[in-house]
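Okay, structure first, notes after.
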Amino acid sequence: MQGPPSAPVILGIAAGGGAINGADTAWMLVATGLVLLMTPALAFFYGGLVRSKSVLNTMMMSFASIGAVGIAWAVAGYSLAFAGGNRWIGGGAHVFLNGVGLEPRGSIPHVLFMAYQGTFAIITAALISGAIVERMRFGPYLSFIVLWALVVYAPVAHWVWGGGWLARLGALDFAGGTVVHVNAGVGALVAALLLGPRKDYGRQALLPHSVPFVLLGSSLLWFGWFGFNGGSALGANASAALAFVNTLLAPMSTLVVWMLLDLARAGKATAVGAATGIVVGLVAITPAAGFVSPMSALAMGAIAALPSYYAIQWRSRTRLDDSLDVCAAHGLGGAVGALLTGVFAARAWGGTDGLLSGNPAQLARQAAAVLATAIYSAAGTFVLLKLLGLVAPLRAGRKEEGVGMDVPQHGEEAYTSGEGAILVMPDHAQPKDLRTEGRS
Amino acid sequence: MKLIVAIVRPEKLNDVLEALYKEEVRGLTITRARGHGGELESVETYRGTTVKMDLVDKVRLDIGVSEPFIERTVQAIMRSGRTGEVGDGKIFVLPVQKVYRIRTGEEDIEAVTPLA
């Protein structure tokens, strides 16, 4: 519960007022670094899943978000999400980080709270890129994620964590099952539908070019996720410890169930499947991390494997080229996690009682949060991409798609041998000699 | 018997293989290659280093065929490998003195005839 002033205060995390606590500040400094690491981790996860001729473009889509969305967050996004305002959107009080200083927000410095939340905006926008890899032009992509972070992410973050209507409704979202994962997953689905499939999709096998990258990415994502979920307690306290442990346990059971499903389907447990299972487990426990018992976390991880696993199997047989299954892993995983939060949450562990503790109404609140986020994200993403499409073409040409995005969009190759590369001197002093030399 | 050597764009390889399959050309070898056929160089930059990529990724196909297959193999590659822009590649048809199939010791026509 990322501590809006008007939200229910849980486990003694005072929001607003109070003094800065050294231990809380120390943990949140580390957690902010951990969450930032998740975006480069995502770059490796996504980069390994695409073909080698587009790996740099795919990884840059995540890396660039750190810069582009990070600046947008400081300039306006933070204010739109967390500066008072009404139940729908924050106000303008913190635009350009006005009034964001060293004073306490909760028990940590306000600037640190702002930075921590910024790392969430960055990765949420970057998650969408998995749906449009190997075909979206880089410039329009950058414009899109900046606008998306301001127009779609910031309001939804405000609804849940900034004291907006979902917080007042009592919907639980510890670290972003709806705000981050349903939001990005649905945005990804709409983006994939609007951009259309890659030209070779369904005609040729489009295989991951580096499965070790995928495993590396998923392991760094898991590591960073301890900051994502553990840090969402906004302090070094029991709630953070519970979120940390649940972040450890839930993906373990998702991983095991995923391997069993792989074994049952084809007789072999796959590495890409294992990496995917870990991410789905992390997504599913995100909304529940500080609200459910560790045994519930194990159960949630196991249950969450099933819908995402079968959604991915089904999706790859359709014309829907959500290339890296952002919607199946994050949208569906986040929705299942948010709903299961309404089932497993327990007052004894820091949540509001859920269905299993005799409060079915919580499940309805969770469903409302998922539905509202999905509808808003779909509408917002659709409008933004349609508007951007009027200004500039969103897709690269067929030829660029054929040779891969790296050279046309970035002027680089990921795995170049240097053969046939002729040095271009800055002053063009001896182009003729240079040419002969280069060819020898 | 001829040895058909074709240099094609890597992004057209799948189309070429599909066309050859439809023409019932079964035995072939491919090699990743780099070459230059007069197409425009692409410029790449790595920190302060700017380079013109003078050699472009290509794929080389080696196909040993008997007389009746020569024309259909060449036409299939020509049709499927073409984009119309400089850099689509070349097809060379070379005479072959002798062919052996290692497994059976079959020679010449038998050696390049796919198994039924």
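Ordering of the structure tokens sets the chain letters (A, B, ...), residue numbers begin anew at 1 in every chain, and ligands are numbered from 1 in the order given.
Within 7 Å of chain B, and counting only C-alpha atoms, chain A contributes Gly402, Val403, Gly411, Glu412, Glu419, Gly420, Ala421, Ile422, Leu423 and Val424 of chain A.
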Filtered DSSP result for segment 14-105 of chain B, state strand (DSSP E), as a ChimeraX atom specification
/B:29-35,42-46,49-53,56-65,90-95
Report as a VMD selection string: the residues of segment 30-85 of chain B with a DSSP assignment of alpha helix (DSSP H), based on the backbone of this structure.
chain B and resid 67 to 81
Neighbours of Arg79 of chain B within 9 Å (only C-alpha atoms; same-chain residues fewer than 3 positions away dropped), as a VMD selection string?
chain B and resid 16 19 74 to 76 82
Quick one: everything within 8 Å of segment 149-154 of chain A, counting only C-alpha atoms, minus sequence neighbours fewer than 2 positions away in the same chain. Send it as number ranges by chain.
A: 69, 72-73, 76-78, 80-81, 89, 121-122, 124-125, 145-147, 156-158, 179-180, 183, 376-377, 380-381
Just give me the gap between atom CA of Ala348 of chain A and atom CA of Arg105 of chain A in Å, one decimal is fine.
26.0 Å
Could you give me, as a PyMOL selection string, the residues within 10 Å of Glu110 of chain B, counting only C-alpha atoms and dropping anything in the same chain fewer than 3 positions from it?
chain B and resi 66+99-101+105-107+113-115
Saved selection, atoms kept: N, CA and C atoms, as an mmCIF file, in the first residue's frame:
data_model
loop_
_atom_site.group_PDB
_atom_site.id
_atom_site.type_symbol
_atom_site.label_atom_id
_atom_site.label_comp_id
_atom_site.auth_asym_id
_atom_site.auth_seq_id
_atom_site.Cartn_x
_atom_site.Cartn_y
_atom_site.Cartn_z
ATOM 1 N N SER B 66 20.484 -32.478 -61.223
ATOM 2 C CA SER B 66 20.591 -33.151 -62.518
ATOM 3 C C SER B 66 19.947 -32.252 -63.580
ATOM 4 N N VAL B 99 29.982 -36.642 -58.881
ATOM 5 C CA VAL B 99 29.293 -36.518 -57.592
ATOM 6 C C VAL B 99 29.235 -37.898 -56.951
ATOM 7 N N TYR B 100 29.502 -37.965 -55.655
ATOM 8 C CA TYR B 100 29.337 -39.230 -54.933
ATOM 9 C C TYR B 100 28.410 -39.012 -53.754
ATOM 10 N N ARG B 101 27.576 -39.989 -53.448
ATOM 11 C CA ARG B 101 26.846 -39.946 -52.180
ATOM 12 C C ARG B 101 27.652 -40.785 -51.194
ATOM 13 N N GLY B 105 27.814 -44.682 -51.766
ATOM 14 C CA GLY B 105 28.776 -44.783 -52.851
ATOM 15 C C GLY B 105 28.144 -44.568 -54.212
ATOM 16 N N GLU B 106 26.848 -44.230 -54.261
ATOM 17 C CA GLU B 106 26.193 -43.945 -55.548
ATOM 18 C C GLU B 106 26.912 -42.787 -56.239
ATOM 19 N N GLU B 107 26.843 -42.778 -57.574
ATOM 20 C CA GLU B 107 27.558 -41.743 -58.309
ATOM 21 C C GLU B 107 26.601 -40.927 -59.165
ATOM 22 N N THR B 113 19.892 -37.572 -56.866
ATOM 23 C CA THR B 113 18.452 -37.846 -56.878
ATOM 24 C C THR B 113 18.004 -38.099 -55.452
ATOM 25 N N PRO B 114 17.005 -37.332 -54.996
ATOM 26 C CA PRO B 114 16.561 -37.555 -53.613
ATOM 27 C C PRO B 114 15.964 -38.943 -53.442
ATOM 28 N N LEU B 115 16.012 -39.429 -52.227
ATOM 29 C CA LEU B 115 15.442 -40.744 -51.956
ATOM 30 C C LEU B 115 13.941 -40.680 -52.135
#
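Ranking A:Ala266, A:Val336, A:Met295, A:Leu37 by their shortest atom-to-atom distance to Val280 of chain A, with only C-alpha atoms included, puts A:Val336 first.
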Would you mind listing what lies within 12 Å of Gly27 of chain B as a count of residues only, with only C-alpha atoms counted and same-chain residues fewer than 6 positions away left out?
19
